[in-house]
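Enquirer: Please find one structure pasted underneath; my questions will follow.
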Amino acid sequence: MAHEHSNHPAHLHHHFVSSEQQFDAAKMGMWLFLVTEILLFSGLFVAYTVYRVWHPEVFAQSAELLSWRMGGLNTIVLLASSFTVALGIHFAQKDNKKALVINLVLTFLLALTFLVVKYFEYSSKFEHGIFPGANFAPHGISHGVDYAAYNVPFAAQFFSIYFVMTGIHGFHVLVGMGLFTWITIRAIRGDFSSEYYTPVEICGLYWHLVDIIWIFLFPLLYLI
Amino acid sequence: MGDSGSIWLPDAMSTFAGEVDALFWFVFWTSTVLFVAVIGVKIYFMIRYRRTDDTYVPEPVHESKRLEAAWIVLPTILTLIVFTWGFQVFLRISSAPPDSYDITVRAQQWSWEFEYAEGVTSFSELYVPVGRPIKLMMSSEDVLHSFFIPAFRVKMDIIPNRYTSVWFEVTEPGEYQIYCTEYCGTEHSGMLAQVIAVSEVDFAAWLVSQNQDLPPVELGERLFEQCAICHSTNGERLVGPSLDARFGTMRALADGSTVLFDEDYIRESIVNPAAKVAEGFQPIMPAGYSSMSAKELDGLVAYLKSLE
Amino acid sequence: MEMTEADTGSVNYLNHDRSIKSWLLTLDHKRIGIMYLIAVSLAFLAGGILAMLVRVELMAPGETIMSADAYNQTFTLHAVLMIFAFIIPAVPAVMGNFVLPLQLGAKDVAFPKLNLASFYIYLIGVAVAMSALIVGRVDGGWTFYTPYSTSIGNGILFVSAGVFIMGFSSILTGLNFIVTVHKMRAPGLTWNRLPLFVWSIYSTAIVQVLATPVIGITVLLLFLEKTLQIGIFDPALGGDPVLFQHFFWFYSHPAVYIMILPAFGIISDLMGTFSRHQVSGYKFVALSSVAIAFLGFLVWGHHMFVSGQSAVSSIVFSLITYLIGIPTGVKVINWVSTMYKGSVQFKTPMLYAIAFLFTFSIGGFTGILLGVLAIDIHLHDTYFVVAHFHYVMMGGNVIAALGGLHYWWPKMTGKMYNEVLGKIAAGLVFVGFNITFFPQFIMGAKGMPRRYYDYLPEFQGYHLLSTYGSWILGAGLFLIAFYLLASLFKGKKAGLNPWGSLTLEWTHTTTPPHPHNFIETPIVTRGAYDFHLAKHLFEKEGSEMSEVVTSPK
């Protein structure tokens, strides 16, 4: 096509006039995407609120079965990862490739830690028959807690909502790990510089959202 | 508006139906006048300003603020009138008078059961006295249904695990159609019933006649009204197999085997309909009928036995 | 330099690369728009055939051509196809894709790769939803009310997964358009100069982005309700079926605006262009679309006046419903008064705009009837609602979309269709549509419930009339398909600006457009309907009007 702009940098797509326009567009697109994510979760928060208002005692009681220690640990892990990803963007702006890669890898590892903790949490629930929905049948005793005593009407709804919310959130963490793998490879390849670091910035935005959603999930499910 | 009334709406047969209709006609005629005005102006503009000179470029029209304001204010006033009016009638429809006569309505795929305060039940026919407020307490045994009587202008969804209610006061004796208006499966459109509105005296007499212990065959015949939506007794093929003169014969099943049509088979087919499915039919009979009492089952067996 | 006839025949987006691969992997918004056009047309054809089957079955009470189960699945599939696979993507994804960047003076949408991805996500979504046909029965309409929807076979899993996936496509398209409108406008193209089609697609995109995630989570919960029995909606497990209705309508009412707002844009463009006149109340029409997009989120409960929700909620929802009704009504008046002191030309696209004003007004007024609490109790879930819905969706969206298709067809294909056949078909569609759906208002008011396979004999006359109407309507639609396809082979070559429009896709590029839309970025100096500032374009009778300044290199 007879349509060459010799002065275009490599990362600039032909249909944009300037890098600035491209960066602004990408950032706005990402913000809009985050809005849709919030709305997706808002449906679950509504379901949570409705059932909590209808059955406050059941929800308060059921929450006792969730380990606030593990939840708290995961909160710290995610907050730390938000910090490392912010550092990553900072170093991208400073053209510090090594520090950028280190921080991206750290973020990835923290995300992995989160999922490992989640795995142990889930399996300790499954062990005692706490499954989402119709299979909900708590039984057994551990740490002096008699699980069977928690088998009351609408406890199943609490755990359904717990599993769906944390499950979808966990899926987002998994997607985040994929994204960080991708931009780490690109960072090692030297794609990013202070001139162009849009993907890092955008993945960072995504990751902050994943973090923020957890900040809401943790107290709602584990603490109150 | 008398004549057009019969074109658009069924005859108004409950105490508040006339109020709903008055509101309907107010909105209808206001809308019609506005619609005709808009379309009239449209057609006038189409003719008056049709293009005759291909090179002519009209100047923009100075928009009149006053006219624009009128377009907004006039419809706003109209809709506020309509809203307030509709709201008042709605409140009247929503709140049953305290001295209402209560009837329990149970809906299930695809039949209606009406239980009266005196312990009498009826199927497919809802007997009510004229001139007395009736309140229906409704619940569903399975999925969502909706209770609709066009002549009374009432409708309400019926939900499992929860009671909803409607009330009405019939103004004239007669038979009025009941529909289910929330989709509920294969025979949704067959889930019909009739209101039989009679005088207070006739209603009391009907209740007494229903309260006597019926012989099993007659009890079965009455119970069978709820089965008749899917099963004929004259050989006609409906959603389910016809049940005429079957007793004591061998019947083919969907799995290729055969079964003797006897008391046990009838009983099993009611209590656990999916166990033996007749050849050529789908296993779609709801399991809700398993809650029938032993006496009712006996009645149905006796009735089917009696069909020759 | 004036564009010459020879130039218009030179390189364009259709002929610069003809390989199949260059189509399937294209990032060009115009080609993606054309691929969407083919896909949604097929969905419309399939949904239309199902509609005809429904109408034939209803010609007489009892079984006419199919069993109750077959009928229940037929109308369900008709609804799912028409709503999720046709109407929601139709105008935004076809005409939005093709026209929006051109009207903005942009080379493409902001994210071309995402745009192509949206298309394939849409196809996957349709495929997944349709595979329900193989798995088992799906009936009960497009609303999937629990607990019925979870009590039937596993087909519902595929439909809900398909709707979820199509939702993604819709979100990504909306997101793409919002960013495009914000960031990609040509120099001089201020918000006040935007064509109203852009405004309407922009409003639509807002709804797509804000509402679709909610249906996403709703169908996801429905999916989990069916697979894991999570007990959120199923009363047998302690769930609440009315909660599902709230979730569902929180999306599906705004979705109605996804379906109708783009139509408003097309009608505005058509009324302005064919009246050669400023669209009356431009700012009102533009901003009220955005306002409707937001207000649309606050009225979902008006679908639930008889669902058992509290009386207070019903009253509030009824009131807000009117707040939306008023600006919509004022728009109709604006469109009519656009013709006032204009120069009105009745080409085929304009006939659809004229028809729209008629059918959409009926849809609007009957909507007012349905919004009145006491009246809705009687009319809810009857054929009155079916008729109202079709008057808004088909009489609104589809008629406008047909107008838009006839308006942009020369730009898309470079060919003119047969104008006489076009006018005949527009007449058939208009007459057929009204005969099909108007009797449904009457039988609904008389009490005929919707989703009924069988009905009482007293309604047969209306049903018969409705079925005959559907044949006229069908004939009109087939005629359109025939002459449009014929125009590809035998059609007269389209000029640069056959309608005398003032928006950039007609004035600043070739027909069909150049692969990169514009040779040079256009500089906009007037509003989309400032015909009086462009008199020089219309000086010579019958001349091709264009301001294309440079020829391709």
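Chain lettering (A, B, ...) mirrors the order of the structure tokens, residue numbering begins at 1 for each chain separately, and ligand numbering begins at 1 in order of display.
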Using the chain letters and numbers from this document, which residues of range 70-142 of chain A does DSSP assign to helix (DSSP H, G or I), as a PDB file with N, CA and C atoms, in the first residue's frame?

Expert:
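Writing done, so here's out_16.pdb:
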```pdb
ATOM      1  N   MET A  70      -5.330 -17.013  56.350  1.00  0.00           N
ATOM      2  CA  MET A  70      -4.940 -17.240  54.953  1.00  0.00           C
ATOM      3  C   MET A  70      -5.392 -16.084  54.072  1.00  0.00           C
ATOM      4  N   GLY A  71      -6.618 -15.620  54.294  1.00  0.00           N
ATOM      5  CA  GLY A  71      -7.118 -14.477  53.523  1.00  0.00           C
ATOM      6  C   GLY A  71      -6.232 -13.257  53.727  1.00  0.00           C
ATOM      7  N   GLY A  72      -5.858 -13.039  54.987  1.00  0.00           N
ATOM      8  CA  GLY A  72      -5.004 -11.885  55.304  1.00  0.00           C
ATOM      9  C   GLY A  72      -3.654 -12.004  54.626  1.00  0.00           C
ATOM     10  N   LEU A  73      -3.100 -13.216  54.684  1.00  0.00           N
ATOM     11  CA  LEU A  73      -1.811 -13.439  54.028  1.00  0.00           C
ATOM     12  C   LEU A  73      -1.917 -13.094  52.545  1.00  0.00           C
ATOM     13  N   ASN A  74      -2.992 -13.561  51.918  1.00  0.00           N
ATOM     14  CA  ASN A  74      -3.169 -13.288  50.496  1.00  0.00           C
ATOM     15  C   ASN A  74      -3.348 -11.800  50.223  1.00  0.00           C
ATOM     16  N   THR A  75      -3.990 -11.096  51.152  1.00  0.00           N
ATOM     17  CA  THR A  75      -4.144  -9.651  50.980  1.00  0.00           C
ATOM     18  C   THR A  75      -2.767  -8.991  50.924  1.00  0.00           C
ATOM     19  N   ILE A  76      -1.895  -9.417  51.859  1.00  0.00           N
ATOM     20  CA  ILE A  76      -0.550  -8.830  51.885  1.00  0.00           C
ATOM     21  C   ILE A  76       0.203  -9.171  50.597  1.00  0.00           C
ATOM     22  N   VAL A  77       0.043 -10.432  50.154  1.00  0.00           N
ATOM     23  CA  VAL A  77       0.725 -10.864  48.926  1.00  0.00           C
ATOM     24  C   VAL A  77       0.293  -9.999  47.740  1.00  0.00           C
ATOM     25  N   LEU A  78      -1.019  -9.782  47.624  1.00  0.00           N
ATOM     26  CA  LEU A  78      -1.499  -8.997  46.484  1.00  0.00           C
ATOM     27  C   LEU A  78      -1.075  -7.541  46.576  1.00  0.00           C
ATOM     28  N   LEU A  79      -1.129  -6.994  47.778  1.00  0.00           N
ATOM     29  CA  LEU A  79      -0.689  -5.599  47.928  1.00  0.00           C
ATOM     30  C   LEU A  79       0.771  -5.464  47.523  1.00  0.00           C
ATOM     31  N   ALA A  80       1.567  -6.434  47.956  1.00  0.00           N
ATOM     32  CA  ALA A  80       2.985  -6.405  47.586  1.00  0.00           C
ATOM     33  C   ALA A  80       3.144  -6.466  46.074  1.00  0.00           C
ATOM     34  N   SER A  81       2.314  -7.297  45.433  1.00  0.00           N
ATOM     35  CA  SER A  81       2.458  -7.433  43.980  1.00  0.00           C
ATOM     36  C   SER A  81       2.030  -6.155  43.263  1.00  0.00           C
ATOM     37  N   SER A  82       1.055  -5.458  43.819  1.00  0.00           N
ATOM     38  CA  SER A  82       0.676  -4.177  43.234  1.00  0.00           C
ATOM     39  C   SER A  82       1.835  -3.198  43.310  1.00  0.00           C
ATOM     40  N   PHE A  83       2.552  -3.295  44.429  1.00  0.00           N
ATOM     41  CA  PHE A  83       3.706  -2.419  44.602  1.00  0.00           C
ATOM     42  C   PHE A  83       4.793  -2.747  43.577  1.00  0.00           C
ATOM     43  N   THR A  84       5.073  -4.058  43.400  1.00  0.00           N
ATOM     44  CA  THR A  84       6.140  -4.412  42.460  1.00  0.00           C
ATOM     45  C   THR A  84       5.772  -4.021  41.031  1.00  0.00           C
ATOM     46  N   VAL A  85       4.495  -4.142  40.694  1.00  0.00           N
ATOM     47  CA  VAL A  85       4.134  -3.784  39.319  1.00  0.00           C
ATOM     48  C   VAL A  85       4.240  -2.271  39.125  1.00  0.00           C
ATOM     49  N   ALA A  86       3.917  -1.510  40.163  1.00  0.00           N
ATOM     50  CA  ALA A  86       4.077  -0.060  40.068  1.00  0.00           C
ATOM     51  C   ALA A  86       5.549   0.292  39.907  1.00  0.00           C
ATOM     52  N   LEU A  87       6.407  -0.438  40.659  1.00  0.00           N
ATOM     53  CA  LEU A  87       7.850  -0.226  40.510  1.00  0.00           C
ATOM     54  C   LEU A  87       8.280  -0.537  39.078  1.00  0.00           C
ATOM     55  N   GLY A  88       7.700  -1.617  38.535  1.00  0.00           N
ATOM     56  CA  GLY A  88       8.040  -2.007  37.166  1.00  0.00           C
ATOM     57  C   GLY A  88       7.773  -0.863  36.196  1.00  0.00           C
ATOM     58  N   ILE A  89       6.618  -0.243  36.308  1.00  0.00           N
ATOM     59  CA  ILE A  89       6.283   0.875  35.420  1.00  0.00           C
ATOM     60  C   ILE A  89       7.272   2.020  35.629  1.00  0.00           C
ATOM     61  N   HIS A  90       7.582   2.257  36.901  1.00  0.00           N
ATOM     62  CA  HIS A  90       8.543   3.318  37.230  1.00  0.00           C
ATOM     63  C   HIS A  90       9.874   3.072  36.509  1.00  0.00           C
ATOM     64  N   PHE A  91      10.360   1.805  36.581  1.00  0.00           N
ATOM     65  CA  PHE A  91      11.663   1.517  35.976  1.00  0.00           C
ATOM     66  C   PHE A  91      11.574   1.525  34.455  1.00  0.00           C
ATOM     67  N   ALA A  92      10.414   1.188  33.910  1.00  0.00           N
ATOM     68  CA  ALA A  92      10.261   1.287  32.458  1.00  0.00           C
ATOM     69  C   ALA A  92      10.410   2.736  32.020  1.00  0.00           C
ATOM     70  N   GLN A  93       9.827   3.633  32.795  1.00  0.00           N
ATOM     71  CA  GLN A  93       9.932   5.056  32.469  1.00  0.00           C
ATOM     72  C   GLN A  93      11.369   5.547  32.589  1.00  0.00           C
ATOM     73  N   LYS A  97      16.004  -1.512  32.257  1.00  0.00           N
ATOM     74  CA  LYS A  97      15.439  -2.766  31.792  1.00  0.00           C
ATOM     75  C   LYS A  97      15.554  -3.867  32.834  1.00  0.00           C
ATOM     76  N   LYS A  98      16.726  -3.939  33.489  1.00  0.00           N
ATOM     77  CA  LYS A  98      16.962  -5.017  34.446  1.00  0.00           C
ATOM     78  C   LYS A  98      15.955  -4.938  35.602  1.00  0.00           C
ATOM     79  N   ALA A  99      15.823  -3.762  36.170  1.00  0.00           N
ATOM     80  CA  ALA A  99      14.903  -3.598  37.297  1.00  0.00           C
ATOM     81  C   ALA A  99      13.466  -3.862  36.861  1.00  0.00           C
ATOM     82  N   LEU A 100      13.144  -3.483  35.642  1.00  0.00           N
ATOM     83  CA  LEU A 100      11.796  -3.750  35.118  1.00  0.00           C
ATOM     84  C   LEU A 100      11.526  -5.245  35.101  1.00  0.00           C
ATOM     85  N   VAL A 101      12.482  -6.003  34.530  1.00  0.00           N
ATOM     86  CA  VAL A 101      12.281  -7.446  34.424  1.00  0.00           C
ATOM     87  C   VAL A 101      12.181  -8.070  35.813  1.00  0.00           C
ATOM     88  N   ILE A 102      13.049  -7.658  36.723  1.00  0.00           N
ATOM     89  CA  ILE A 102      13.029  -8.225  38.082  1.00  0.00           C
ATOM     90  C   ILE A 102      11.658  -8.002  38.718  1.00  0.00           C
ATOM     91  N   ASN A 103      11.158  -6.789  38.585  1.00  0.00           N
ATOM     92  CA  ASN A 103       9.867  -6.495  39.215  1.00  0.00           C
ATOM     93  C   ASN A 103       8.714  -7.252  38.574  1.00  0.00           C
ATOM     94  N   LEU A 104       8.804  -7.448  37.246  1.00  0.00           N
ATOM     95  CA  LEU A 104       7.744  -8.210  36.585  1.00  0.00           C
ATOM     96  C   LEU A 104       7.766  -9.660  37.053  1.00  0.00           C
ATOM     97  N   VAL A 105       8.974 -10.226  37.164  1.00  0.00           N
ATOM     98  CA  VAL A 105       9.085 -11.610  37.623  1.00  0.00           C
ATOM     99  C   VAL A 105       8.573 -11.723  39.062  1.00  0.00           C
ATOM    100  N   LEU A 106       8.925 -10.749  39.885  1.00  0.00           N
ATOM    101  CA  LEU A 106       8.452 -10.745  41.272  1.00  0.00           C
ATOM    102  C   LEU A 106       6.918 -10.725  41.316  1.00  0.00           C
ATOM    103  N   THR A 107       6.345  -9.885  40.494  1.00  0.00           N
ATOM    104  CA  THR A 107       4.885  -9.799  40.448  1.00  0.00           C
ATOM    105  C   THR A 107       4.282 -11.154  40.101  1.00  0.00           C
ATOM    106  N   PHE A 108       4.889 -11.787  39.098  1.00  0.00           N
ATOM    107  CA  PHE A 108       4.426 -13.099  38.670  1.00  0.00           C
ATOM    108  C   PHE A 108       4.480 -14.086  39.833  1.00  0.00           C
ATOM    109  N   LEU A 109       5.606 -14.076  40.556  1.00  0.00           N
ATOM    110  CA  LEU A 109       5.782 -15.030  41.650  1.00  0.00           C
ATOM    111  C   LEU A 109       4.777 -14.757  42.773  1.00  0.00           C
ATOM    112  N   LEU A 110       4.523 -13.485  43.032  1.00  0.00           N
ATOM    113  CA  LEU A 110       3.540 -13.154  44.082  1.00  0.00           C
ATOM    114  C   LEU A 110       2.153 -13.634  43.683  1.00  0.00           C
ATOM    115  N   ALA A 111       1.836 -13.483  42.412  1.00  0.00           N
ATOM    116  CA  ALA A 111       0.539 -13.965  41.927  1.00  0.00           C
ATOM    117  C   ALA A 111       0.451 -15.472  42.108  1.00  0.00           C
ATOM    118  N   LEU A 112       1.547 -16.136  41.815  1.00  0.00           N
ATOM    119  CA  LEU A 112       1.591 -17.591  41.978  1.00  0.00           C
ATOM    120  C   LEU A 112       1.379 -17.959  43.444  1.00  0.00           C
ATOM    121  N   THR A 113       2.053 -17.224  44.328  1.00  0.00           N
ATOM    122  CA  THR A 113       1.892 -17.457  45.769  1.00  0.00           C
ATOM    123  C   THR A 113       0.428 -17.348  46.165  1.00  0.00           C
ATOM    124  N   PHE A 114      -0.207 -16.322  45.651  1.00  0.00           N
ATOM    125  CA  PHE A 114      -1.625 -16.118  45.956  1.00  0.00           C
ATOM    126  C   PHE A 114      -2.430 -17.363  45.604  1.00  0.00           C
ATOM    127  N   LEU A 115      -2.172 -17.884  44.415  1.00  0.00           N
ATOM    128  CA  LEU A 115      -2.949 -19.043  43.967  1.00  0.00           C
ATOM    129  C   LEU A 115      -2.625 -20.292  44.778  1.00  0.00           C
ATOM    130  N   VAL A 116      -1.363 -20.421  45.209  1.00  0.00           N
ATOM    131  CA  VAL A 116      -0.983 -21.576  46.024  1.00  0.00           C
ATOM    132  C   VAL A 116      -1.731 -21.523  47.363  1.00  0.00           C
ATOM    133  N   VAL A 117      -1.739 -20.354  47.963  1.00  0.00           N
ATOM    134  CA  VAL A 117      -2.478 -20.192  49.225  1.00  0.00           C
ATOM    135  C   VAL A 117      -3.948 -20.528  49.009  1.00  0.00           C
ATOM    136  N   LYS A 118      -4.481 -20.032  47.882  1.00  0.00           N
ATOM    137  CA  LYS A 118      -5.879 -20.285  47.540  1.00  0.00           C
ATOM    138  C   LYS A 118      -6.128 -21.793  47.415  1.00  0.00           C
ATOM    139  N   TYR A 119      -5.167 -22.476  46.814  1.00  0.00           N
ATOM    140  CA  TYR A 119      -5.300 -23.926  46.624  1.00  0.00           C
ATOM    141  C   TYR A 119      -5.452 -24.607  47.978  1.00  0.00           C
ATOM    142  N   PHE A 120      -4.583 -24.235  48.930  1.00  0.00           N
ATOM    143  CA  PHE A 120      -4.676 -24.866  50.255  1.00  0.00           C
ATOM    144  C   PHE A 120      -5.991 -24.510  50.938  1.00  0.00           C
ATOM    145  N   GLU A 121      -6.404 -23.282  50.748  1.00  0.00           N
ATOM    146  CA  GLU A 121      -7.675 -22.870  51.345  1.00  0.00           C
ATOM    147  C   GLU A 121      -8.831 -23.704  50.796  1.00  0.00           C
ATOM    148  N   TYR A 122      -8.902 -23.803  49.470  1.00  0.00           N
ATOM    149  CA  TYR A 122      -9.979 -24.559  48.846  1.00  0.00           C
ATOM    150  C   TYR A 122      -9.950 -26.009  49.303  1.00  0.00           C
ATOM    151  N   SER A 123      -8.750 -26.623  49.320  1.00  0.00           N
ATOM    152  CA  SER A 123      -8.730 -28.059  49.630  1.00  0.00           C
ATOM    153  C   SER A 123      -9.126 -28.309  51.081  1.00  0.00           C
ATOM    154  N   SER A 124      -8.787 -27.362  51.963  1.00  0.00           N
ATOM    155  CA  SER A 124      -9.227 -27.571  53.349  1.00  0.00           C
ATOM    156  C   SER A 124     -10.744 -27.465  53.469  1.00  0.00           C
ATOM    157  N   LYS A 125     -11.367 -26.732  52.520  1.00  0.00           N
ATOM    158  CA  LYS A 125     -12.829 -26.656  52.529  1.00  0.00           C
ATOM    159  C   LYS A 125     -13.429 -27.953  51.966  1.00  0.00           C
ATOM    160  N   PHE A 126     -12.891 -28.372  50.836  1.00  0.00           N
ATOM    161  CA  PHE A 126     -13.416 -29.576  50.180  1.00  0.00           C
ATOM    162  C   PHE A 126     -13.329 -30.780  51.109  1.00  0.00           C
ATOM    163  N   GLU A 127     -12.198 -30.855  51.852  1.00  0.00           N
ATOM    164  CA  GLU A 127     -11.980 -31.948  52.801  1.00  0.00           C
ATOM    165  C   GLU A 127     -13.175 -32.128  53.728  1.00  0.00           C
ATOM    166  N   GLY A 133     -23.017 -25.085  46.200  1.00  0.00           N
ATOM    167  CA  GLY A 133     -24.289 -25.585  45.709  1.00  0.00           C
ATOM    168  C   GLY A 133     -24.768 -26.863  46.355  1.00  0.00           C
ATOM    169  N   ALA A 134     -25.391 -27.706  45.523  1.00  0.00           N
ATOM    170  CA  ALA A 134     -26.134 -28.854  46.033  1.00  0.00           C
ATOM    171  C   ALA A 134     -25.240 -29.855  46.760  1.00  0.00           C
ATOM    172  N   ASN A 135     -23.928 -29.841  46.468  1.00  0.00           N
ATOM    173  CA  ASN A 135     -23.045 -30.811  47.106  1.00  0.00           C
ATOM    174  C   ASN A 135     -22.582 -30.368  48.486  1.00  0.00           C
TER     175      ASN A 135
END
```

Enquirer: Taking only C-alpha atoms into account, what are the residues of chain A at most 9 Å from chain C, put as a VMD selection string?

Expert: chain A and resid 1 to 3 14 to 17 21 to 22 24 to 26 28 to 30 32 to 33 35 to 44 47 50 to 51 132 to 135 153 to 154 156 to 157 159 to 161 164

Enquirer: For the residues in that selection, give me C-alpha atoms as a CSV table (one decimal), in the first residue's frame.

Expert:
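This is the output file selection-v5.csv:
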```csv
chain,number,residue,atom,x,y,z
A,1,MET,CA,0.0,0.0,0.0
A,2,ALA,CA,1.3,3.4,-1.0
A,3,HIS,CA,1.0,4.5,2.6
A,14,HIS,CA,-0.5,3.3,10.9
A,15,HIS,CA,-3.9,4.5,11.8
A,16,PHE,CA,-2.7,6.7,14.7
A,17,VAL,CA,-1.3,10.2,14.1
A,21,GLN,CA,-2.7,9.5,20.6
A,22,GLN,CA,-2.0,5.8,20.5
A,24,ASP,CA,-4.1,7.8,25.2
A,25,ALA,CA,-6.3,5.5,23.2
A,26,ALA,CA,-4.9,2.4,24.8
A,28,MET,CA,-8.7,4.9,27.8
A,29,GLY,CA,-9.6,1.5,26.3
A,30,MET,CA,-8.1,-0.2,29.4
A,32,LEU,CA,-13.2,1.2,30.0
A,33,PHE,CA,-12.4,-2.4,30.2
A,35,VAL,CA,-15.2,-0.5,34.2
A,36,THR,CA,-16.7,-3.6,32.6
A,37,GLU,CA,-14.8,-5.8,35.1
A,38,ILE,CA,-16.2,-3.8,38.0
A,39,LEU,CA,-19.7,-4.2,36.7
A,40,LEU,CA,-19.1,-7.9,36.2
A,41,PHE,CA,-18.2,-8.2,39.9
A,42,SER,CA,-20.9,-5.8,40.9
A,43,GLY,CA,-23.5,-8.4,40.0
A,44,LEU,CA,-21.8,-10.8,42.4
A,47,ALA,CA,-26.1,-11.2,45.0
A,50,VAL,CA,-29.1,-9.5,48.9
A,51,TYR,CA,-28.5,-12.8,50.6
A,132,PRO,CA,-20.6,-24.9,46.2
A,133,GLY,CA,-24.3,-25.6,45.7
A,134,ALA,CA,-26.1,-28.9,46.0
A,135,ASN,CA,-23.0,-30.8,47.1
A,153,PRO,CA,-30.3,-23.4,55.5
A,154,PHE,CA,-28.7,-20.8,53.3
A,156,ALA,CA,-24.9,-23.3,51.0
A,157,GLN,CA,-25.7,-19.9,49.4
A,159,PHE,CA,-20.4,-20.8,50.2
A,160,SER,CA,-21.7,-20.7,46.6
A,161,ILE,CA,-21.2,-17.0,46.6
A,164,VAL,CA,-18.0,-18.1,42.7
```

Enquirer: With a distance cut-off of 10 Å and only C-alpha atoms, select the neighbouring residues of range 215-222 of chain B, excluding the residue or stretch itself and same-chain residues fewer than 3 positions from it, and output the selection as an mmCIF file with N, CA and C atoms, in the first residue's frame.

Expert:
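Final file, part.cif:
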```cif
data_model
loop_
_atom_site.group_PDB
_atom_site.id
_atom_site.type_symbol
_atom_site.label_atom_id
_atom_site.label_comp_id
_atom_site.auth_asym_id
_atom_site.auth_seq_id
_atom_site.Cartn_x
_atom_site.Cartn_y
_atom_site.Cartn_z
ATOM 1 N N THR B 121 -62.023 -28.628 47.643
ATOM 2 C CA THR B 121 -61.103 -28.275 46.559
ATOM 3 C C THR B 121 -61.782 -28.494 45.213
ATOM 4 N N SER B 122 -61.335 -27.724 44.223
ATOM 5 C CA SER B 122 -61.824 -27.950 42.862
ATOM 6 C C SER B 122 -60.658 -27.780 41.909
ATOM 7 N N PHE B 123 -60.809 -28.350 40.732
ATOM 8 C CA PHE B 123 -59.767 -28.255 39.718
ATOM 9 C C PHE B 123 -60.355 -27.637 38.467
ATOM 10 N N SER B 124 -59.582 -26.811 37.804
ATOM 11 C CA SER B 124 -59.988 -26.244 36.506
ATOM 12 C C SER B 124 -61.207 -25.341 36.578
ATOM 13 N N GLN B 212 -69.681 -33.417 50.643
ATOM 14 C CA GLN B 212 -70.031 -34.800 50.928
ATOM 15 C C GLN B 212 -68.934 -35.724 50.440
ATOM 16 N N GLU B 225 -59.832 -34.038 36.241
ATOM 17 C CA GLU B 225 -59.856 -32.761 35.516
ATOM 18 C C GLU B 225 -58.455 -32.181 35.340
ATOM 19 N N GLN B 226 -57.607 -32.364 36.368
ATOM 20 C CA GLN B 226 -56.256 -31.812 36.215
ATOM 21 C C GLN B 226 -55.395 -32.669 35.288
ATOM 22 N N CYS B 227 -55.796 -33.938 35.071
ATOM 23 C CA CYS B 227 -55.029 -34.804 34.169
ATOM 24 C C CYS B 227 -55.428 -34.561 32.722
ATOM 25 N N LYS B 295 -56.319 -41.947 49.295
ATOM 26 C CA LYS B 295 -57.728 -41.936 48.911
ATOM 27 C C LYS B 295 -57.904 -41.388 47.501
ATOM 28 N N GLU B 296 -57.136 -40.355 47.204
ATOM 29 C CA GLU B 296 -57.222 -39.754 45.873
ATOM 30 C C GLU B 296 -56.706 -40.727 44.808
ATOM 31 N N LEU B 297 -55.602 -41.415 45.150
ATOM 32 C CA LEU B 297 -55.079 -42.398 44.197
ATOM 33 C C LEU B 297 -56.116 -43.490 43.941
ATOM 34 N N ASP B 298 -56.737 -43.958 45.023
ATOM 35 C CA ASP B 298 -57.777 -44.975 44.872
ATOM 36 C C ASP B 298 -58.870 -44.477 43.939
ATOM 37 N N GLY B 299 -59.257 -43.229 44.142
ATOM 38 C CA GLY B 299 -60.314 -42.647 43.318
ATOM 39 C C GLY B 299 -59.931 -42.660 41.848
ATOM 40 N N LEU B 300 -58.694 -42.233 41.547
ATOM 41 C CA LEU B 300 -58.259 -42.195 40.149
ATOM 42 C C LEU B 300 -58.223 -43.588 39.548
ATOM 43 N N VAL B 301 -57.704 -44.553 40.330
ATOM 44 C CA VAL B 301 -57.654 -45.930 39.829
ATOM 45 C C VAL B 301 -59.071 -46.401 39.508
ATOM 46 N N ALA B 302 -59.990 -46.130 40.445
ATOM 47 C CA ALA B 302 -61.377 -46.568 40.254
ATOM 48 C C ALA B 302 -61.975 -45.912 39.007
ATOM 49 N N TYR B 303 -61.667 -44.645 38.822
ATOM 50 C CA TYR B 303 -62.220 -43.935 37.667
ATOM 51 C C TYR B 303 -61.694 -44.518 36.359
ATOM 52 N N LEU B 304 -60.374 -44.739 36.281
ATOM 53 C CA LEU B 304 -59.794 -45.259 35.039
ATOM 54 C C LEU B 304 -60.317 -46.672 34.754
ATOM 55 N N LYS B 305 -60.521 -47.428 35.843
ATOM 56 C CA LYS B 305 -61.083 -48.768 35.706
ATOM 57 C C LYS B 305 -62.478 -48.714 35.085
ATOM 58 N N SER B 306 -63.203 -47.623 35.457
ATOM 59 C CA SER B 306 -64.600 -47.522 35.031
ATOM 60 C C SER B 306 -64.734 -47.139 33.558
ATOM 61 N N LEU B 307 -63.638 -46.685 32.941
ATOM 62 C CA LEU B 307 -63.724 -46.238 31.549
ATOM 63 C C LEU B 307 -63.791 -47.458 30.630
#
```
